[in-house]
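Raw contents of data04.txt, compact mmCIF, C-alpha atoms:
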```txt
# COMPACT_ATOMS: atom_id res chain seq x y z
CA MET A 1 4.10 13.81 -0.89
CA ARG A 2 4.07 14.11 -4.62
CA GLU A 3 1.38 11.61 -5.60
CA ILE A 4 -2.27 11.14 -4.76
CA ALA A 5 -1.54 7.40 -4.63
CA LEU A 6 1.00 7.99 -1.83
CA HIS A 7 -1.53 10.02 0.16
CA LEU A 8 -4.07 7.22 -0.27
CA LEU A 9 -1.50 4.73 1.00
CA ASP A 10 -0.99 6.97 4.02
CA ILE A 11 -4.76 7.28 4.65
CA ALA A 12 -5.23 3.50 4.31
CA GLU A 13 -2.46 3.00 6.87
CA ASN A 14 -4.60 5.01 9.30
CA SER A 15 -7.47 2.59 8.64
CA VAL A 16 -5.17 -0.34 9.35
CA ALA A 17 -4.01 1.33 12.56
CA ALA A 18 -7.69 1.70 13.54
CA ASP A 19 -8.01 -2.12 13.40
CA ALA A 20 -10.27 -2.17 10.34
CA LYS A 21 -11.21 -5.61 8.99
CA ASN A 22 -12.66 -4.30 5.73
CA ILE A 23 -11.21 -1.39 3.79
CA THR A 24 -12.46 -0.06 0.47
CA LEU A 25 -10.26 2.22 -1.61
CA THR A 26 -11.99 3.96 -4.49
CA VAL A 27 -10.49 6.22 -7.16
CA ARG A 28 -12.53 7.76 -9.92
CA GLU A 29 -11.17 9.88 -12.75
CA ASP A 30 -14.09 11.55 -14.44
CA LEU A 31 -12.69 13.56 -17.32
CA GLN A 32 -16.16 14.46 -18.56
CA GLY A 33 -17.08 16.03 -15.22
CA ASP A 34 -13.46 17.22 -14.74
CA GLN A 35 -13.14 15.58 -11.35
CA LEU A 36 -10.76 13.25 -9.64
CA THR A 37 -12.33 11.75 -6.54
CA ALA A 38 -11.07 9.17 -4.10
CA SER A 39 -12.30 7.64 -0.90
CA VAL A 40 -11.08 5.32 1.83
CA VAL A 41 -13.84 3.63 3.80
CA ASP A 42 -13.10 1.41 6.77
CA ASP A 43 -14.89 -0.41 9.56
CA GLY A 44 -12.23 0.42 12.13
CA ARG A 45 -12.80 1.81 15.58
CA GLY A 46 -13.76 5.28 14.34
CA MET A 47 -13.42 8.68 15.96
CA SER A 48 -15.62 11.15 17.76
CA ALA A 49 -16.94 14.09 15.72
CA GLU A 50 -14.55 16.34 17.62
CA MET A 51 -11.56 14.17 16.79
CA ALA A 52 -12.61 13.83 13.14
CA ALA A 53 -12.78 17.62 12.91
CA SER A 54 -9.39 18.08 14.50
CA VAL A 55 -7.44 15.63 12.33
CA VAL A 56 -7.96 17.83 9.27
CA ASP A 57 -6.64 20.88 11.07
CA PRO A 58 -2.84 21.11 11.05
CA PHE A 59 -2.89 23.55 13.97
CA VAL A 60 -4.69 21.19 16.29
CA THR A 61 -2.08 18.60 17.01
CA SER A 62 -1.44 17.05 20.33
CA ARG A 63 0.28 13.89 21.32
CA THR A 64 -2.97 11.96 21.28
CA THR A 65 -3.49 12.78 17.62
CA ARG A 66 0.04 11.88 16.67
CA LYS A 67 -1.09 8.66 15.04
CA VAL A 68 -2.95 10.70 12.46
CA GLY A 69 -0.33 13.42 12.23
CA LEU A 70 0.26 15.64 9.23
CA GLY A 71 -0.87 13.30 6.48
CA ILE A 72 -4.51 14.40 6.34
CA PRO A 73 -3.99 18.21 6.65
CA LEU A 74 -1.45 18.10 3.81
CA PHE A 75 -3.83 16.14 1.60
CA LYS A 76 -6.69 18.51 2.44
CA THR A 77 -4.61 21.58 1.57
CA ALA A 78 -3.60 19.99 -1.75
CA ALA A 79 -7.25 19.26 -2.62
CA GLU A 80 -8.45 22.74 -1.68
CA ALA A 81 -5.72 24.30 -3.83
CA CYS A 82 -7.32 22.46 -6.78
CA ASN A 83 -10.96 23.58 -6.33
CA GLY A 84 -11.59 20.43 -4.35
CA LYS A 85 -12.16 19.36 -0.79
CA LEU A 86 -11.50 16.69 1.77
CA VAL A 87 -14.19 15.45 4.13
CA ILE A 88 -14.01 12.96 6.97
CA ALA A 89 -17.02 11.25 8.48
CA SER A 90 -16.54 8.96 11.41
CA GLU A 91 -18.45 7.19 14.10
CA ILE A 92 -17.01 5.47 17.14
CA GLY A 93 -17.29 1.72 16.79
CA LYS A 94 -18.51 1.93 13.19
CA GLY A 95 -15.61 3.21 11.15
CA THR A 96 -14.29 6.13 9.18
CA ARG A 97 -14.88 7.43 5.70
CA LEU A 98 -12.59 9.90 3.98
CA ASP A 99 -13.56 11.55 0.70
CA VAL A 100 -11.30 13.75 -1.35
CA GLU A 101 -11.98 15.66 -4.54
CA PHE A 102 -9.78 17.52 -7.02
CA GLN A 103 -10.52 19.42 -10.21
CA HIS A 104 -8.98 16.92 -12.64
CA SER A 105 -7.55 19.50 -15.05
CA HIS A 106 -6.24 21.88 -12.36
CA ILE A 107 -2.67 22.94 -13.09
CA ASP A 108 -1.63 22.37 -9.47
CA ARG A 109 -3.17 18.93 -9.13
CA MET A 110 -0.51 16.41 -8.20
CA PRO A 111 -0.47 13.31 -10.39
CA LEU A 112 -2.40 10.24 -9.32
CA GLY A 113 0.95 8.46 -9.37
CA ASP A 114 1.70 4.78 -9.02
CA LEU A 115 -1.65 3.41 -7.90
CA SER A 116 -0.59 -0.17 -8.71
CA SER A 117 2.27 -0.01 -6.21
CA THR A 118 0.00 1.45 -3.55
CA ILE A 119 -2.51 -1.39 -4.02
CA LEU A 120 0.17 -4.08 -4.13
CA THR A 121 1.90 -2.68 -1.04
CA LEU A 122 -1.30 -2.62 1.01
CA PHE A 123 -2.44 -6.09 0.01
CA VAL A 124 0.94 -7.79 0.47
CA ALA A 125 1.60 -6.14 3.81
CA TYR A 126 -1.88 -6.73 5.24
CA PRO A 127 -3.25 -9.87 3.58
CA LYS A 128 -5.62 -10.56 6.47
CA ILE A 129 -7.56 -7.37 5.82
CA HIS A 130 -10.37 -7.70 3.33
CA TRP A 131 -9.51 -5.09 0.70
CA LEU A 132 -11.68 -3.80 -2.06
CA PHE A 133 -9.90 -1.67 -4.63
CA ASP A 134 -12.12 0.12 -7.08
CA TYR A 135 -10.66 2.27 -9.84
CA GLU A 136 -12.74 3.82 -12.59
CA ALA A 137 -12.30 6.32 -15.41
CA VAL A 138 -14.71 8.14 -17.69
CA SER A 139 -13.35 9.69 -20.89
CA ALA A 140 -13.75 13.39 -21.68
CA ASP A 141 -16.53 12.82 -24.20
CA GLY A 142 -18.26 10.37 -21.87
CA THR A 143 -18.22 7.52 -24.40
CA LYS A 144 -15.61 5.37 -22.67
CA ASN A 145 -15.93 4.01 -19.18
CA GLU A 146 -13.49 1.52 -17.71
CA LYS A 147 -13.49 -0.05 -14.27
CA PHE A 148 -11.10 -2.25 -12.33
CA MET A 149 -12.44 -3.91 -9.21
CA PHE A 150 -10.12 -6.00 -7.12
CA ASP A 151 -11.61 -7.84 -4.19
CA THR A 152 -8.91 -9.64 -2.22
CA GLN A 153 -11.24 -12.11 -0.52
CA PRO A 154 -11.59 -14.64 -3.39
CA VAL A 155 -7.82 -14.52 -3.88
CA MET A 156 -7.15 -15.23 -0.21
CA ALA A 157 -9.75 -18.01 -0.19
CA GLU A 158 -7.90 -19.65 -3.07
CA LEU A 159 -4.43 -19.18 -1.60
CA GLY A 160 -5.17 -20.40 1.91
CA ASP A 161 -2.05 -19.95 4.04
CA MET A 162 0.26 -19.51 1.06
CA PRO A 163 2.19 -16.25 1.64
CA LEU A 164 1.65 -13.53 -0.97
CA THR A 165 5.40 -13.03 -1.09
CA GLU A 166 6.02 -16.39 -2.74
CA PRO A 167 7.53 -15.31 -6.09
CA VAL A 168 4.97 -16.95 -8.41
CA VAL A 169 2.07 -15.69 -6.31
CA LEU A 170 3.55 -12.21 -6.15
CA THR A 171 3.97 -12.13 -9.93
CA TYR A 172 0.36 -13.18 -10.42
CA ILE A 173 -0.99 -10.50 -8.08
CA ARG A 174 1.27 -7.74 -9.36
CA GLU A 175 0.37 -8.47 -12.98
CA HIS A 176 -3.33 -8.67 -12.15
CA ILE A 177 -3.21 -5.24 -10.50
CA GLU A 178 -0.99 -3.64 -13.14
CA ASN A 179 -3.16 -4.94 -15.99
CA GLY A 180 -6.35 -3.70 -14.34
CA VAL A 181 -4.95 -0.27 -13.49
CA GLY A 182 -3.42 -0.03 -16.96
CA ARG A 183 -6.78 -0.76 -18.58
CA VAL A 184 -8.44 2.09 -16.69
CA GLN A 185 -5.53 4.43 -17.34
CA ALA A 186 -5.87 3.86 -21.09
CA VAL A 187 -9.16 5.73 -20.70
CA SER A 188 -8.06 8.39 -18.21
CA ASN A 189 -5.00 9.24 -20.29
CA GLY A 190 -7.29 9.89 -23.23
CA MET B 1 -15.56 -13.86 -17.47
CA PRO B 2 -11.87 -13.05 -17.16
CA SER B 3 -11.99 -12.89 -13.37
CA ILE B 4 -13.04 -16.54 -13.07
CA LYS B 5 -10.37 -17.68 -15.47
CA SER B 6 -7.92 -15.71 -13.45
CA LEU B 7 -8.89 -17.49 -10.21
CA GLU B 8 -8.38 -20.81 -12.03
CA ASP B 9 -4.90 -19.59 -12.86
CA LEU B 10 -4.36 -18.80 -9.21
CA LYS B 11 -5.18 -22.39 -8.20
CA ARG B 12 -2.47 -23.65 -10.54
CA ILE B 13 -0.02 -21.01 -9.28
CA ARG B 14 -0.67 -22.06 -5.71
CA GLU B 15 0.16 -25.69 -6.53
CA GLU B 16 3.34 -24.53 -8.21
CA ALA B 17 4.36 -22.46 -5.20
CA LEU B 18 3.63 -25.36 -2.84
CA GLU B 19 6.01 -27.58 -4.81
CA LYS B 20 8.75 -24.95 -4.67
CA ARG B 21 8.36 -24.48 -0.94
CA LYS B 22 8.69 -28.20 -0.36
CA VAL B 23 12.03 -28.16 -2.12
CA LYS B 24 13.27 -25.37 0.08
CA THR B 25 14.99 -26.61 3.21
CA ALA B 26 13.69 -25.65 6.62
CA GLU B 27 16.24 -22.97 7.32
CA GLY B 28 13.81 -20.79 9.26
CA ALA B 29 11.52 -18.08 8.00
CA ILE B 30 12.88 -14.67 7.09
CA GLN B 31 10.80 -11.60 7.83
CA VAL B 32 11.42 -8.23 6.20
CA THR B 33 9.50 -5.25 7.59
CA VAL B 34 9.17 -1.81 6.02
CA ALA B 35 8.07 1.14 8.20
CA MET B 36 5.11 2.87 6.55
CA GLY B 37 4.05 5.73 8.76
CA THR B 38 3.47 9.12 7.11
CA CYS B 39 7.16 9.83 7.71
CA GLY B 40 8.21 6.59 6.01
CA ILE B 41 5.90 7.05 3.03
CA ALA B 42 7.04 10.65 2.57
CA ALA B 43 10.67 9.48 2.64
CA GLY B 44 10.07 6.90 -0.08
CA ALA B 45 9.09 3.72 1.79
CA ARG B 46 6.72 2.56 -0.94
CA ASP B 47 9.53 2.54 -3.50
CA THR B 48 11.70 0.65 -1.02
CA MET B 49 8.90 -1.88 -0.52
CA LYS B 50 8.47 -2.22 -4.28
CA ALA B 51 12.21 -2.82 -4.74
CA ILE B 52 12.05 -5.64 -2.16
CA LEU B 53 9.05 -7.24 -3.88
CA ASP B 54 10.68 -6.87 -7.31
CA HIS B 55 13.82 -8.53 -6.00
CA ILE B 56 11.77 -11.47 -4.68
CA GLU B 57 10.17 -11.88 -8.10
CA ASN B 58 13.29 -11.35 -10.20
CA HIS B 59 15.49 -13.66 -8.14
CA ASN B 60 12.77 -16.15 -7.29
CA VAL B 61 13.37 -15.81 -3.54
CA SER B 62 11.11 -18.22 -1.67
CA GLY B 63 10.29 -18.25 2.04
CA VAL B 64 10.50 -14.51 2.80
CA ILE B 65 7.61 -12.74 4.48
CA VAL B 66 7.35 -9.02 3.77
CA THR B 67 5.26 -6.90 6.08
CA GLN B 68 4.83 -3.33 7.33
CA THR B 69 4.83 -1.38 10.51
CA GLY B 70 3.88 2.19 11.42
CA CYS B 71 6.11 4.99 12.61
CA ILE B 72 8.65 3.68 15.12
CA GLY B 73 9.71 7.14 16.30
CA LYS B 74 12.95 7.37 14.34
CA CYS B 75 11.51 9.42 11.51
CA ASP B 76 14.84 10.98 10.55
CA TYR B 77 16.15 7.51 9.62
CA GLU B 78 13.28 6.72 7.24
CA PRO B 79 12.86 4.69 5.13
CA ILE B 80 13.49 2.04 7.77
CA VAL B 81 13.69 -1.67 7.00
CA SER B 82 14.17 -4.42 9.54
CA VAL B 83 15.21 -8.00 8.91
CA VAL B 84 14.72 -11.03 11.13
CA VAL B 85 16.34 -14.28 10.03
CA GLY B 86 14.96 -17.31 11.90
CA ALA B 87 15.71 -17.01 15.60
CA GLU B 88 18.41 -14.35 15.13
CA GLU B 89 18.07 -10.89 16.60
CA LYS B 90 16.25 -8.23 14.60
CA VAL B 91 18.46 -5.92 12.55
CA VAL B 92 17.09 -2.39 11.91
CA TYR B 93 18.44 -0.46 8.93
CA GLY B 94 18.01 3.27 8.23
CA HIS B 95 17.88 5.41 5.07
CA ILE B 96 17.04 2.42 2.91
CA ASN B 97 16.41 3.56 -0.64
CA PRO B 98 15.57 0.98 -3.36
CA GLU B 99 19.24 0.43 -4.17
CA ARG B 100 20.14 -0.31 -0.53
CA ALA B 101 17.05 -2.48 -0.23
CA ARG B 102 18.25 -4.65 -3.11
CA LYS B 103 21.67 -4.94 -1.42
CA ILE B 104 20.01 -6.01 1.86
CA MET B 105 17.97 -8.62 -0.03
CA GLU B 106 21.11 -9.96 -1.67
CA ASP B 107 23.62 -9.85 1.19
CA HIS B 108 21.56 -10.21 4.36
CA VAL B 109 18.40 -12.07 3.33
CA GLY B 110 20.15 -14.08 0.63
CA GLY B 111 23.65 -14.47 2.06
CA GLY B 112 23.21 -14.03 5.81
CA LYS B 113 25.67 -11.13 5.91
CA VAL B 114 24.54 -8.21 8.10
CA LEU B 115 25.28 -4.78 6.59
CA THR B 116 26.53 -3.09 9.74
CA GLU B 117 27.14 0.34 8.15
CA TRP B 118 23.40 0.92 7.66
CA ILE B 119 22.22 -0.21 11.08
CA ILE B 120 20.45 2.49 13.06
CA PRO B 121 22.33 3.28 16.27
CA ALA B 122 20.26 2.17 19.26
```
What would the structure in this file look like if it were written as structure tokens?
Amino acid sequence: MREIALHLLDIAENSVAADAKNITLTVREDLQGDQLTASVVDDGRGMSAEMAASVVDPFVTSRTTRKVGLGIPLFKTAAEACNGKLVIASEIGKGTRLDVEFQHSHIDRMPLGDLSSTILTLFVAYPKIHWLFDYEAVSADGTKNEKFMFDTQPVMAELGDMPLTEPVVLTYIREHIENGVGRVQAVSNG
Amino acid sequence: MPSIKSLEDLKRIREEALEKRKVKTAEGAIQVTVAMGTCGIAAGARDTMKAILDHIENHNVSGVIVTQTGCIGKCDYEPIVSVVVGAEEKVVYGHINPERARKIMEDHVGGGKVLTEWIIPA
């Protein structure tokens, strides 16, 4: 996969598959600290410590881990190639937390990519999940800080049973996400 | 606070959408599903999904539900899109790039014409 945003989509799909009710997706571009960090935190069914350790290892794959597959090992390798890391913490019955870190300026770092599409895709496809999208950037000199927080709960409360794929609703949501992400990217792009 | 204003907007948008749905005849719901396992995402499923959503917006297509599923075990046919129109049988399409997705939205979802050449062999 060529974008961090696509990997995050893939990771969030794992959370959905784990029957999470609440999923928080965080991305932070800290140009001052030269770091790009992201996390996916869910309250799904979780994994044992043994399982959590094995899903990051591409050489430990068995049929039972097929649901997790190659997505995480590939993401981990990409992060480690950029002076970063990928860590998974999980507890059965509580949920899973995945944290990933890249050196922002690393020549091999894949682009963040189309974060707006990843957010829109997740929300539209799984409207019953309570999503919290949190995207933040800090400029290189540390003077500018911009944040976009999108909590889907108030939106769903307002919409009731109106499908998100009704054209006017879809336009509203897409524009809301694109505007917010664009605002943050004005800072992260310098 | 812009966020509060924006929720006010949403209330108005909801009313608007309700009106439009009333106008639409009860021809049965249409469900479009995009497979989004790692295999699907790697093959471009998000772009396919985005093309479907863009088509809904651009052509003002009401009454279509778009959803996702995980890997269905036919990874070599990804991106996979399935369409269910009302009580009709599910049609599963393979290798659906954004361009093909738009064609499916136009011909199958919009016009009821199944695109047999892209159906995945059972």
Legend entry - Test item: chain B residues at most 7 Å from chain A, counting all atoms listed in the file, as a ChimeraX atom specification: /B:11,13-14,17,38,41-42,50,56-57,60-68
Inset, instruction - Go through A:Gly190, A:Gly95, A:Pro73, A:Gly180 one by one, measure the shortest atom-to-atom distance of each to A:Lys144 using all atoms listed in the file, and give the residue with the smallest value. - result: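 Of A:Gly190, A:Gly95, A:Pro73, A:Gly180, the one nearest A:Lys144 is A:Gly190, counting all atoms listed in the file.
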Inset, instruction - Please indicate the distance in Å from atom CA of B:Pro79 to atom CA of A:Lys128, rounded to one decimal place. - result: 24.0 Å
Inset, instruction - Would you mind reading off the distance between atom CA of B:Ala29 and atom CA of B:Ala87, one decimal, in Å? - result: 8.7 Å
Legend entry - Polymer residues at most 9 Å from A:Asp19, all atoms listed in the file, same-chain spacing of 5 or more positions, as number ranges by chain: A: 14, 43-45
